[in-house]
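Presented below is the structure to which this report refers.
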Amino acid sequence: MSSKFNKTCGKDLDRVFFRELAERIEFAGIMITVVISKDDYNKKYRGEYRHNKNPQDTGLTKFGIIVHAKTKDIPVKPKIGDEITVNGTKYEVEDVITEIGMYRIALFRINES
């Protein structure tokens, strides 16, 4: 991809995505502006897109969120398995994707049902 294209996408992220849909949260001890999606998490990791469903239910329910954050706002890229606190709730990093100046971080917490 060209540098000009990446610049344009970055400006659109600031103008639209992070301005219209964002909220301020405490993420691993720092206040940042992010977009949180529970629906995307449920579709990808709990629902129709998940191909490796466990036929033997363990009695545990997986709750998660996807956090979209600017890479410049997070000093160190999270790694799969890291424990991160979001607004006082502990999550584990399930997946991290870097896309055009943004991290897409899938986080989950385990609760007994």
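To be explicit about the labels: the chains of the structure tokens are called A, B, and onward in the order shown, and within each one the residues are counted from 1, while ligands get numbers from 1 in the order they are shown.
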Who sits within 12 Å of Asp73 in chain A, only C-alpha atoms, same chain under 2 positions skipped, as a PyMOL selection string = chain A and resi 24-28+30-34+68-71+75-77+101-103
Kindly export the residues of the current selection with N, CA and C atoms, as an mmCIF file, in the first residue's frame.
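So selection.cif came out as:
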data_model
loop_
_atom_site.group_PDB
_atom_site.id
_atom_site.type_symbol
_atom_site.label_atom_id
_atom_site.label_comp_id
_atom_site.auth_asym_id
_atom_site.auth_seq_id
_atom_site.Cartn_x
_atom_site.Cartn_y
_atom_site.Cartn_z
ATOM 1 N N ARG A 24 -13.566 7.084 26.198
ATOM 2 C CA ARG A 24 -12.336 7.094 26.999
ATOM 3 C C ARG A 24 -12.421 5.965 28.018
ATOM 4 N N ILE A 25 -11.339 5.181 28.100
ATOM 5 C CA ILE A 25 -11.295 4.084 29.064
ATOM 6 C C ILE A 25 -9.925 4.055 29.738
ATOM 7 N N GLU A 26 -9.879 3.319 30.842
ATOM 8 C CA GLU A 26 -8.598 3.021 31.483
ATOM 9 C C GLU A 26 -8.154 1.678 30.916
ATOM 10 N N PHE A 27 -7.032 1.661 30.238
ATOM 11 C CA PHE A 27 -6.510 0.468 29.570
ATOM 12 C C PHE A 27 -5.096 0.232 30.089
ATOM 13 N N ALA A 28 -4.929 -0.808 30.884
ATOM 14 C CA ALA A 28 -3.609 -1.160 31.421
ATOM 15 C C ALA A 28 -2.964 0.024 32.137
ATOM 16 N N ILE A 30 -3.522 3.309 31.759
ATOM 17 C CA ILE A 30 -3.486 4.603 31.079
ATOM 18 C C ILE A 30 -4.869 4.925 30.505
ATOM 19 N N MET A 31 -5.184 6.201 30.444
ATOM 20 C CA MET A 31 -6.454 6.643 29.858
ATOM 21 C C MET A 31 -6.253 6.860 28.365
ATOM 22 N N ILE A 32 -7.045 6.151 27.560
ATOM 23 C CA ILE A 32 -6.952 6.293 26.108
ATOM 24 C C ILE A 32 -8.359 6.313 25.509
ATOM 25 N N THR A 33 -8.429 6.764 24.268
ATOM 26 C CA THR A 33 -9.682 6.781 23.521
ATOM 27 C C THR A 33 -9.701 5.555 22.616
ATOM 28 N N VAL A 34 -10.760 4.766 22.721
ATOM 29 C CA VAL A 34 -10.871 3.519 21.968
ATOM 30 C C VAL A 34 -12.293 3.345 21.453
ATOM 31 N N HIS A 68 -10.463 -1.399 19.773
ATOM 32 C CA HIS A 68 -9.755 -0.779 18.650
ATOM 33 C C HIS A 68 -9.075 0.461 19.213
ATOM 34 N N ALA A 69 -7.741 0.501 19.151
ATOM 35 C CA ALA A 69 -6.991 1.625 19.719
ATOM 36 C C ALA A 69 -5.892 2.047 18.763
ATOM 37 N N LYS A 70 -5.583 3.324 18.779
ATOM 38 C CA LYS A 70 -4.481 3.826 17.959
ATOM 39 C C LYS A 70 -3.167 3.274 18.498
ATOM 40 N N THR A 71 -2.305 2.816 17.600
ATOM 41 C CA THR A 71 -1.012 2.264 18.033
ATOM 42 C C THR A 71 -0.201 3.298 18.805
ATOM 43 N N PRO A 75 1.813 2.310 24.503
ATOM 44 C CA PRO A 75 3.276 2.329 24.410
ATOM 45 C C PRO A 75 3.922 0.990 24.025
ATOM 46 N N VAL A 76 3.325 -0.126 24.453
ATOM 47 C CA VAL A 76 3.881 -1.450 24.146
ATOM 48 C C VAL A 76 2.766 -2.313 23.574
ATOM 49 N N LYS A 77 3.016 -2.932 22.415
ATOM 50 C CA LYS A 77 2.001 -3.778 21.782
ATOM 51 C C LYS A 77 1.679 -4.972 22.691
ATOM 52 N N GLY A 101 -2.209 1.813 11.548
ATOM 53 C CA GLY A 101 -2.083 2.690 12.699
ATOM 54 C C GLY A 101 -3.007 2.375 13.860
ATOM 55 N N MET A 102 -3.563 1.158 13.871
ATOM 56 C CA MET A 102 -4.526 0.798 14.896
ATOM 57 C C MET A 102 -4.304 -0.656 15.328
ATOM 58 N N TYR A 103 -4.477 -0.902 16.628
ATOM 59 C CA TYR A 103 -4.509 -2.270 17.140
ATOM 60 C C TYR A 103 -5.961 -2.705 17.248
#
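As for CA of Gly88 in chain A and CA of Asp39 in chain A, they are spaced 20.8 Å apart.
Of the listed residues A:Leu21, A:Val67, A:Ala106, A:Ile100, the one whose atoms come nearest to Ile80 in chain A is A:Ala106, with distances taken using only C-alpha atoms.
Within 10 Å of Lys38 in chain A, once only C-alpha atoms are used and residues closer than 3 positions along the same chain are dropped, the contacting residues are Tyr41, Asn42, Lys43, Phe63, Gly64, Ile65, Ile66, Val67, Ala106 and Leu107 of chain A.
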With a distance cut-off of 9 Å and only C-alpha atoms, select the neighbouring residues of Ile84 in chain A, excluding the residue or stretch itself and same-chain residues fewer than 2 positions from it, and output the selection as a PyMOL selection string.
-> chain A and resi 27-29+78+82+86+89-93+107
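The residue that comes closest to Ala22 in chain A, out of A:Val35, A:Lys72, A:Val96, A:Lys44 and on the basis of only C-alpha atoms, is A:Val35.
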CA of Lys79 in chain A sits from CA of Asp95 in chain A at a separation of 7.7 Å
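Note that the spacing between CA of Glu94 in chain A and CA of Gly81 in chain A amounts to 6.4 Å.
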